[in-house]
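What follows is my_file-v5.cif (mmCIF, C-alpha atoms and all ligand atoms).
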```
data_target
#
loop_
_atom_site.label_atom_id
_atom_site.label_comp_id
_atom_site.auth_asym_id
_atom_site.auth_seq_id
_atom_site.Cartn_x
_atom_site.Cartn_y
_atom_site.Cartn_z
CA MET A 211 0.00 0.00 0.00
CA GLU A 212 1.36 3.39 -0.95
CA ILE A 213 0.89 5.89 1.88
CA LYS A 214 -0.18 9.45 1.03
CA HIS A 215 -1.31 10.97 4.31
CA ASN A 216 0.71 9.24 6.97
CA ILE A 217 -0.82 9.15 10.42
CA LEU A 218 1.63 6.73 12.06
CA ILE A 219 4.07 7.79 14.75
CA CYS A 220 6.89 5.94 16.47
CA PRO A 221 5.61 4.06 19.53
CA VAL A 222 8.92 4.72 21.31
CA CYS A 223 9.56 8.45 20.76
CA GLY A 224 6.45 9.80 19.00
CA ASN A 225 8.25 11.05 15.86
CA VAL A 226 6.54 10.57 12.50
CA LEU A 227 7.18 7.18 10.93
CA GLN A 228 8.35 7.13 7.31
CA ALA A 229 7.37 4.02 5.41
CA ASP A 230 9.08 2.20 2.59
CA ASP A 231 8.54 -1.29 1.18
CA LYS A 232 10.35 -2.98 4.03
CA THR A 233 10.29 -0.82 7.15
CA PHE A 234 8.71 2.02 9.07
CA ALA A 235 11.39 4.26 10.60
CA CYS A 236 11.50 7.50 12.61
CA ALA A 237 14.08 10.29 12.73
CA GLY A 238 15.00 9.11 16.23
CA GLY A 239 16.57 5.94 14.81
CA HIS A 240 13.82 3.45 15.71
CA SER A 241 12.68 1.14 12.97
CA PHE A 242 9.98 -1.49 12.59
CA ASP A 243 10.07 -4.12 9.87
CA ARG A 244 7.06 -4.97 7.81
CA ALA A 245 5.96 -8.59 8.05
CA ARG A 246 5.76 -10.62 4.84
CA GLU A 247 2.07 -9.70 4.50
CA GLY A 248 2.94 -5.96 4.70
CA TYR A 249 1.65 -5.09 8.16
CA VAL A 250 3.87 -3.69 10.94
CA ASN A 251 3.98 -4.54 14.63
CA LEU A 252 3.99 -1.27 16.62
CA LEU A 253 3.09 -2.84 19.94
CA ARG A 254 5.47 -1.95 22.75
CA THR A 255 5.66 -5.04 24.86
CA SER A 256 8.12 -7.70 25.88
CA LYS A 257 5.57 -10.37 25.05
CA ARG A 258 5.24 -11.56 21.50
CA GLY A 259 2.22 -10.23 19.65
CA ASP A 260 1.02 -13.67 18.68
CA LYS A 261 0.46 -14.52 22.33
CA LEU A 262 -1.87 -11.57 22.74
CA GLY A 263 -5.47 -11.28 21.71
CA ASP A 264 -7.30 -13.85 19.62
CA ASP A 265 -5.59 -17.03 18.59
CA LYS A 266 -5.17 -18.44 15.12
CA ALA A 267 -8.17 -20.74 15.11
CA SER A 268 -10.62 -18.08 16.23
CA ALA A 269 -9.20 -15.54 13.76
CA ARG A 270 -9.65 -17.98 10.90
CA SER A 271 -13.13 -19.07 11.97
CA ARG A 272 -14.20 -15.41 12.16
CA GLN A 273 -12.82 -14.72 8.71
CA GLU A 274 -14.60 -17.70 7.17
CA PHE A 275 -17.85 -16.66 8.83
CA LEU A 276 -17.61 -13.06 7.59
CA ASN A 277 -16.61 -14.20 4.09
CA ARG A 278 -19.98 -15.95 3.81
CA GLY A 279 -21.62 -12.51 3.92
CA TYR A 280 -23.78 -12.90 7.02
CA TYR A 281 -22.78 -9.44 8.26
CA ALA A 282 -22.76 -7.80 4.83
CA PRO A 283 -25.73 -5.56 5.84
CA LEU A 284 -23.52 -3.97 8.51
CA ARG A 285 -20.58 -3.60 6.13
CA ASP A 286 -22.85 -1.96 3.54
CA ALA A 287 -24.43 0.38 6.10
CA LEU A 288 -20.99 1.47 7.28
CA THR A 289 -19.69 2.11 3.76
CA GLU A 290 -22.87 4.11 3.11
CA ARG A 291 -22.18 6.28 6.19
CA VAL A 292 -18.53 6.84 5.28
CA ARG A 293 -18.92 7.19 1.49
CA ASP A 294 -19.20 11.00 1.51
CA ARG A 295 -16.23 11.48 3.79
CA SER A 296 -12.64 11.78 2.61
CA GLY A 297 -9.12 11.71 4.01
CA THR A 298 -7.77 9.31 6.59
CA LEU A 299 -9.84 6.58 8.20
CA LEU A 300 -8.79 4.50 11.19
CA ASP A 301 -10.45 1.19 12.06
CA ILE A 302 -9.94 0.73 15.80
CA CYS A 303 -9.66 -3.00 16.61
CA CYS A 304 -10.07 -3.96 12.96
CA GLY A 305 -10.06 -7.72 13.54
CA GLU A 306 -9.38 -9.63 10.33
CA GLY A 307 -10.15 -6.60 8.18
CA TYR A 308 -13.57 -7.45 6.74
CA TYR A 309 -14.93 -3.92 7.29
CA THR A 310 -11.58 -2.08 6.98
CA SER A 311 -10.79 -3.46 3.53
CA ALA A 312 -14.24 -2.45 2.24
CA LEU A 313 -13.99 1.08 3.69
CA GLY A 314 -10.43 1.47 2.38
CA ARG A 315 -11.61 0.85 -1.17
CA LEU A 316 -13.94 3.87 -1.13
CA ASP A 317 -12.81 6.79 -3.31
CA GLY A 318 -10.92 9.48 -1.42
CA ILE A 319 -10.39 7.37 1.72
CA GLU A 320 -6.96 6.35 2.95
CA ALA A 321 -7.55 3.59 5.50
CA TYR A 322 -5.57 2.29 8.45
CA GLY A 323 -6.53 -0.58 10.71
CA PHE A 324 -5.05 -2.01 13.87
CA ASP A 325 -5.75 -4.76 16.34
CA LEU A 326 -4.04 -6.19 19.40
CA SER A 327 -4.01 -9.64 17.82
CA ARG A 328 -1.15 -10.17 15.41
CA GLU A 329 -2.97 -13.07 13.78
CA MET A 330 -6.03 -10.90 13.08
CA VAL A 331 -3.80 -8.17 11.59
CA ARG A 332 -1.97 -10.74 9.47
CA LEU A 333 -5.26 -11.91 7.94
CA ALA A 334 -6.38 -8.29 7.50
CA ALA A 335 -3.17 -7.40 5.64
CA LYS A 336 -3.89 -10.22 3.20
CA ARG A 337 -7.28 -8.63 2.47
CA GLY A 338 -5.53 -5.33 1.66
CA GLY A 339 -7.29 -2.00 1.16
CA ALA A 340 -5.49 -0.36 4.11
CA THR A 341 -2.25 -0.02 6.05
CA TYR A 342 -2.43 -2.46 8.97
CA PHE A 343 -0.53 -2.48 12.25
CA VAL A 344 -0.53 -4.23 15.60
CA ALA A 345 -1.21 -1.88 18.51
CA ASN A 346 -3.14 -1.36 21.72
CA LEU A 347 -6.16 0.96 21.69
CA ALA A 348 -5.05 2.63 24.92
CA ALA A 349 -1.91 3.97 23.17
CA ILE A 350 -2.61 4.29 19.46
CA PRO A 351 0.58 5.08 17.50
CA ALA A 352 -1.18 7.75 15.42
CA ALA A 353 -0.46 11.48 15.47
CA THR A 354 -2.77 13.78 17.42
CA GLY A 355 -5.56 15.12 15.17
CA SER A 356 -4.44 13.00 12.20
CA VAL A 357 -7.62 10.95 11.70
CA ASP A 358 -10.61 12.32 9.75
CA THR A 359 -12.88 9.33 10.35
CA ALA A 360 -12.66 6.47 12.84
CA VAL A 361 -14.72 3.31 13.06
CA HIS A 362 -14.98 1.15 16.13
CA LEU A 363 -16.91 -2.12 16.12
CA PHE A 364 -17.65 -4.25 19.17
CA ALA A 365 -14.50 -3.13 21.00
CA PRO A 366 -13.71 -1.39 24.28
CA PHE A 367 -14.17 2.39 24.26
CA HIS A 368 -11.31 4.72 25.17
CA GLU A 369 -12.71 8.22 24.73
CA ARG A 370 -9.55 10.21 25.52
CA GLU A 371 -7.40 8.29 23.08
CA PHE A 372 -10.06 8.28 20.33
CA ALA A 373 -10.57 12.03 20.74
CA ARG A 374 -6.81 12.60 20.67
CA VAL A 375 -6.25 10.93 17.28
CA LEU A 376 -9.39 12.46 15.67
CA ARG A 377 -9.06 15.90 14.11
CA ARG A 378 -11.47 18.61 15.24
CA GLY A 379 -14.74 17.97 13.46
CA GLY A 380 -13.66 14.38 12.78
CA ARG A 381 -16.22 11.59 13.09
CA LEU A 382 -16.27 8.34 14.98
CA TYR A 383 -18.74 5.58 14.06
CA SER A 384 -19.13 3.20 16.95
CA VAL A 385 -21.06 -0.07 16.53
CA VAL A 386 -22.72 -2.11 19.28
CA PRO A 387 -25.09 -5.10 19.00
CA GLY A 388 -28.78 -4.18 18.78
CA ALA A 389 -31.37 -5.45 21.26
CA ARG A 390 -32.42 -8.41 19.11
CA HIS A 391 -28.99 -9.28 17.69
CA LEU A 392 -28.68 -13.09 17.38
CA PHE A 393 -31.91 -13.57 19.32
CA GLY A 394 -32.55 -16.86 17.47
CA LEU A 395 -29.26 -18.21 18.79
CA LYS A 396 -30.14 -17.15 22.34
CA GLU A 397 -33.57 -18.76 22.12
CA LEU A 398 -31.85 -22.01 21.33
CA LEU A 399 -29.31 -21.67 24.14
CA TYR A 400 -31.25 -20.25 27.05
CA ASP A 401 -34.57 -20.95 28.73
CA LYS A 402 -35.06 -17.22 29.25
CA PRO A 403 -33.24 -15.37 26.48
CA TYR A 404 -32.61 -11.72 27.26
CA LEU A 405 -32.40 -8.72 24.95
CA ASN A 406 -29.10 -6.84 24.62
CA ASP A 407 -29.07 -3.53 26.45
CA GLU A 408 -28.09 -1.73 23.22
CA GLN A 409 -25.89 0.68 25.12
CA LEU A 410 -23.83 3.00 22.92
CA PRO A 411 -20.63 4.29 24.55
CA GLU A 412 -21.15 7.26 26.86
CA THR A 413 -18.63 10.05 26.46
CA THR A 414 -18.23 13.58 27.75
CA ILE A 415 -15.52 14.50 25.21
CA LEU A 416 -17.14 13.46 21.93
CA ARG A 417 -20.60 14.63 20.89
CA ARG A 418 -23.13 12.08 19.64
CA VAL A 419 -24.77 13.40 16.48
CA SER A 420 -26.81 10.47 15.17
CA VAL A 421 -27.89 6.91 15.86
CA ARG A 422 -28.90 4.44 13.20
CA LYS A 423 -30.08 0.86 13.42
CA VAL A 424 -29.32 -1.94 10.95
CA SER A 425 -31.45 -5.09 11.14
CA GLY A 426 -31.93 -8.22 9.11
CA ARG A 427 -32.54 -11.94 9.25
CA ILE A 428 -29.94 -14.52 8.34
CA LEU A 429 -30.02 -18.27 7.84
CA LEU A 430 -26.89 -19.83 9.30
CA ALA A 431 -26.63 -22.72 6.88
CA ALA A 432 -24.00 -24.91 8.55
CA ALA A 433 -23.07 -26.08 12.04
CA GLU A 434 -19.61 -24.40 11.67
CA ASP A 435 -21.30 -21.05 11.05
CA ILE A 436 -23.46 -21.38 14.17
CA GLU A 437 -20.36 -22.27 16.20
CA ALA A 438 -18.37 -19.41 14.61
CA VAL A 439 -20.97 -16.74 15.35
CA PHE A 440 -21.40 -18.04 18.88
CA ARG A 441 -17.62 -17.75 19.46
CA MET A 442 -17.72 -14.14 18.26
CA THR A 443 -20.18 -13.19 21.01
CA PRO A 444 -19.23 -12.23 24.57
CA TYR A 445 -21.72 -14.77 25.94
CA TYR A 446 -19.70 -17.67 24.55
CA PHE A 447 -17.48 -17.36 27.62
CA HIS A 448 -20.41 -17.04 30.00
CA THR A 449 -22.41 -20.00 28.80
CA GLY A 450 -22.21 -23.25 30.74
CA GLU A 451 -21.40 -26.60 29.12
CA ARG A 452 -24.99 -27.81 29.58
CA ASP A 453 -26.33 -24.91 27.55
CA LYS A 454 -23.55 -25.16 24.93
CA GLU A 455 -24.57 -28.79 24.47
CA LYS A 456 -27.89 -27.57 23.03
CA LEU A 457 -26.10 -26.39 19.87
CA ARG A 458 -24.73 -29.82 19.09
CA GLY A 459 -26.46 -31.43 16.13
CA VAL A 460 -28.11 -28.17 15.02
CA ALA A 461 -27.37 -27.85 11.30
CA GLN A 462 -29.30 -24.67 10.47
CA LEU A 463 -30.45 -21.68 12.40
CA GLU A 464 -32.45 -18.65 11.38
CA THR A 465 -31.86 -15.58 13.48
CA GLU A 466 -32.24 -11.84 13.56
CA ILE A 467 -29.15 -9.70 13.36
CA GLU A 468 -29.23 -6.13 14.61
CA PHE A 469 -26.60 -3.45 15.01
CA VAL A 470 -26.62 0.13 16.26
CA ILE A 471 -24.27 2.65 14.65
CA GLY A 472 -23.62 5.70 16.80
CA GLU A 473 -22.03 8.67 15.09
CA TYR A 474 -19.88 11.00 17.22
CA GLU A 475 -18.20 14.29 16.39
CA ASN A 476 -14.98 15.53 17.93
CA PRO A 477 -16.00 19.11 18.76
ZN ZN M 1 11.29 6.75 17.42
#
```

Would you mind writing the file out in structure tokens?
Ligand SMILES: [Zn+2]
Amino acid sequence: MEIKHNILICPVCGNVLQADDKTFACAGGHSFDRAREGYVNLLRTSKRGDKLGDDKASARSRQEFLNRGYYAPLRDALTERVRDRSGTLLDICCGEGYYTSALGRLDGIEAYGFDLSREMVRLAAKRGGATYFVANLAAIPAATGSVDTAVHLFAPFHEREFARVLRRGGRLYSVVPGARHLFGLKELLYDKPYLNDEQLPETTILRRVSVRKVSGRILLAAAEDIEAVFRMTPYYFHTGERDKEKLRGVAQLETEIEFVIGEYENP
């Protein structure tokens, strides 16, 4: 990916990073090699990136699930929201790049995406459409005020850091699950399925300017897809073995999907 409007800064000293085919380097003498797939690891940690965040199997299962188009309505709604914007776009916790790569292919948008999981970023870099890096959302290696548009799907909210990287007047699109998201899956799992609380992030720094809902129905056509979507939800880790057992032998499942897109302005 050729970089026109660079937003990246050195995670060690904060100087601008200059990119070439092989490395990202700052004037302070720090340099970071691109991986074979083109992404760069800008995470400052003694631990190896591949031990952090999601593992290989869950990254791959998520990618296969998304490639089947089940969440295409959300991708299309996001591209619709961002289509009229231009300049730099940052996907905060981009996962395996399904949304980032689509947004990065819009005219006039130069996209960046990062995630804590090196495996997710590796898969994202293979999708292309953006400059990808490994980083933590509490210390984003992007210059202050360098981002025109940010997107943030199903990830922790860090209002100070998001407001720091956004330029004044820049927009953040934050996505949370809607009340009835995957309700069909919950009906199968639980005796008393509950609705999601549909809580958009609260912030005193950014100003919420609009809220839009995206809903649809999908038919999960294979047991792997039901398992994959279940693993992508936070309740996977809170569901007991007895309830998980109920999914075994289920080959098809029809369910609602629902997302809420909150739009915020950096005043
Ligand atoms: Zn440096």

Shortest interatomic distance to Thr341 (chain A) - which of A:Phe469, A:Tyr383, A:Phe234, A:Phe447, counting all atoms listed in the file: A:Phe234

Shell of 8 Å around ligand ZN 1 (chain M) (only C-alpha atoms and all ligand atoms), written as a VMD selection string: chain A and resid 219 to 227 235 to 241

For Ile213 (chain A), the nearest of the candidates A:Thr310, A:Gln462, A:Thr443, A:Gln228, counting all atoms listed in the file: A:Gln228

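Remark: for Lys214 (chain A), the closest of the candidate residues A:Glu451, A:Asp407, A:Glu466, A:Asp230 is A:Asp230 (distances computed over only C-alpha atoms).
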
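Considering the residues A:Asn277, A:Phe393, A:His215, A:Arg244 and counting all atoms listed in the file, Gly318 (chain A) has its shortest atom-to-atom contact with A:His215.
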
Minimum-distance residue to Ala348 (chain A), chosen among A:Ala312, A:Arg254, A:Gly380, A:Arg452 (using only C-alpha atoms):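 Result for the nearest residue to Ala348 (chain A): A:Arg254.
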
List every residue of region 310-417 of chain A that has an atom at most 10 Å from any atom of region 429-442 of chain A, giving for each one its closest atom pair and the distance in Å to one decimal, counting only C-alpha atoms, sorted by chain and then by ascending residue number, as CSV.
```
residue,atom,partner,partner_atom,distance
A:Phe364,CA,A:Met442,CA,9.9
A:Leu392,CA,A:Val439,CA,8.8
A:Leu395,CA,A:Phe440,CA,7.9
A:Lys396,CA,A:Phe440,CA,9.4
```

For His391 (chain A): contacts at 8 Å, only C-alpha atoms, fewer than 3 positions along chain excluded, given as a PyMOL selection string: chain A and resi 387-388+406+466-469

Nearest-residue call for Leu376 (chain A), choices A:Ile415, A:Val250, A:Ala269, A:Val331, using only C-alpha atoms: A:Ile415

Point-to-point distance in Å for CA of Ile302 (chain A) and CA of Ala345 (chain A): 9.5 Å

Point-to-point distance from CA of Met330 (chain A) to CA of Arg272 (chain A), Å rounded to tenths: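 CA of Arg272 (chain A) lies 9.4 Å from CA of Met330 (chain A).
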
Neighbour list for Arg285 (chain A) as an MDAnalysis selection string, cut-off 8 Å, all atoms listed in the file, skip fewer than 3 positions in-chain: chainID A and resid 281:282 288:289 309 312

Could you name the residues that touch Asp301 (chain A) at 7 Å or less, counting all atoms listed in the file, but leaving out those on the same chain fewer than 5 positions away, as an mmCIF file with C-alpha atoms, in the frame of the given file?
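Full text of result.cif as output:
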```
data_model
loop_
_atom_site.group_PDB
_atom_site.id
_atom_site.type_symbol
_atom_site.label_atom_id
_atom_site.label_comp_id
_atom_site.auth_asym_id
_atom_site.auth_seq_id
_atom_site.Cartn_x
_atom_site.Cartn_y
_atom_site.Cartn_z
ATOM 1 C CA THR A 310 -11.580 -2.080 6.980
ATOM 2 C CA TYR A 322 -5.570 2.290 8.450
ATOM 3 C CA GLY A 323 -6.530 -0.580 10.710
ATOM 4 C CA PHE A 324 -5.050 -2.010 13.870
ATOM 5 C CA ALA A 360 -12.660 6.470 12.840
ATOM 6 C CA VAL A 361 -14.720 3.310 13.060
ATOM 7 C CA HIS A 362 -14.980 1.150 16.130
#
```

Neighbour list for Val424 (chain A) as a tab-separated table (two decimals) with C-alpha atoms, in the coordinates of the input, cut-off 8 Å, only C-alpha atoms, skip fewer than 5 positions in-chain:
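File written: selection.tsv
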```tsv
chain	number	residue	atom	x	y	z
A	283	PRO	CA	-25.73	-5.56	5.84
A	284	LEU	CA	-23.52	-3.97	8.51
A	287	ALA	CA	-24.43	0.38	6.10
A	468	GLU	CA	-29.23	-6.13	14.61
A	469	PHE	CA	-26.60	-3.45	15.01
A	470	VAL	CA	-26.62	0.13	16.26
A	471	ILE	CA	-24.27	2.65	14.65
```

Gap from CA of Glu290 (chain A) to CA of Arg315 (chain A) - Å, one decimal: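 Computing the Euclidean distance for CA of Glu290 (chain A) and CA of Arg315 (chain A) yields 12.5 Å.
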
Selection: 9 Å around Arg295 (chain A), all atoms listed in the file, excl. self and same-chain fewer than 5 positions, as a ChimeraX atom specification: /A:318-319,358-359
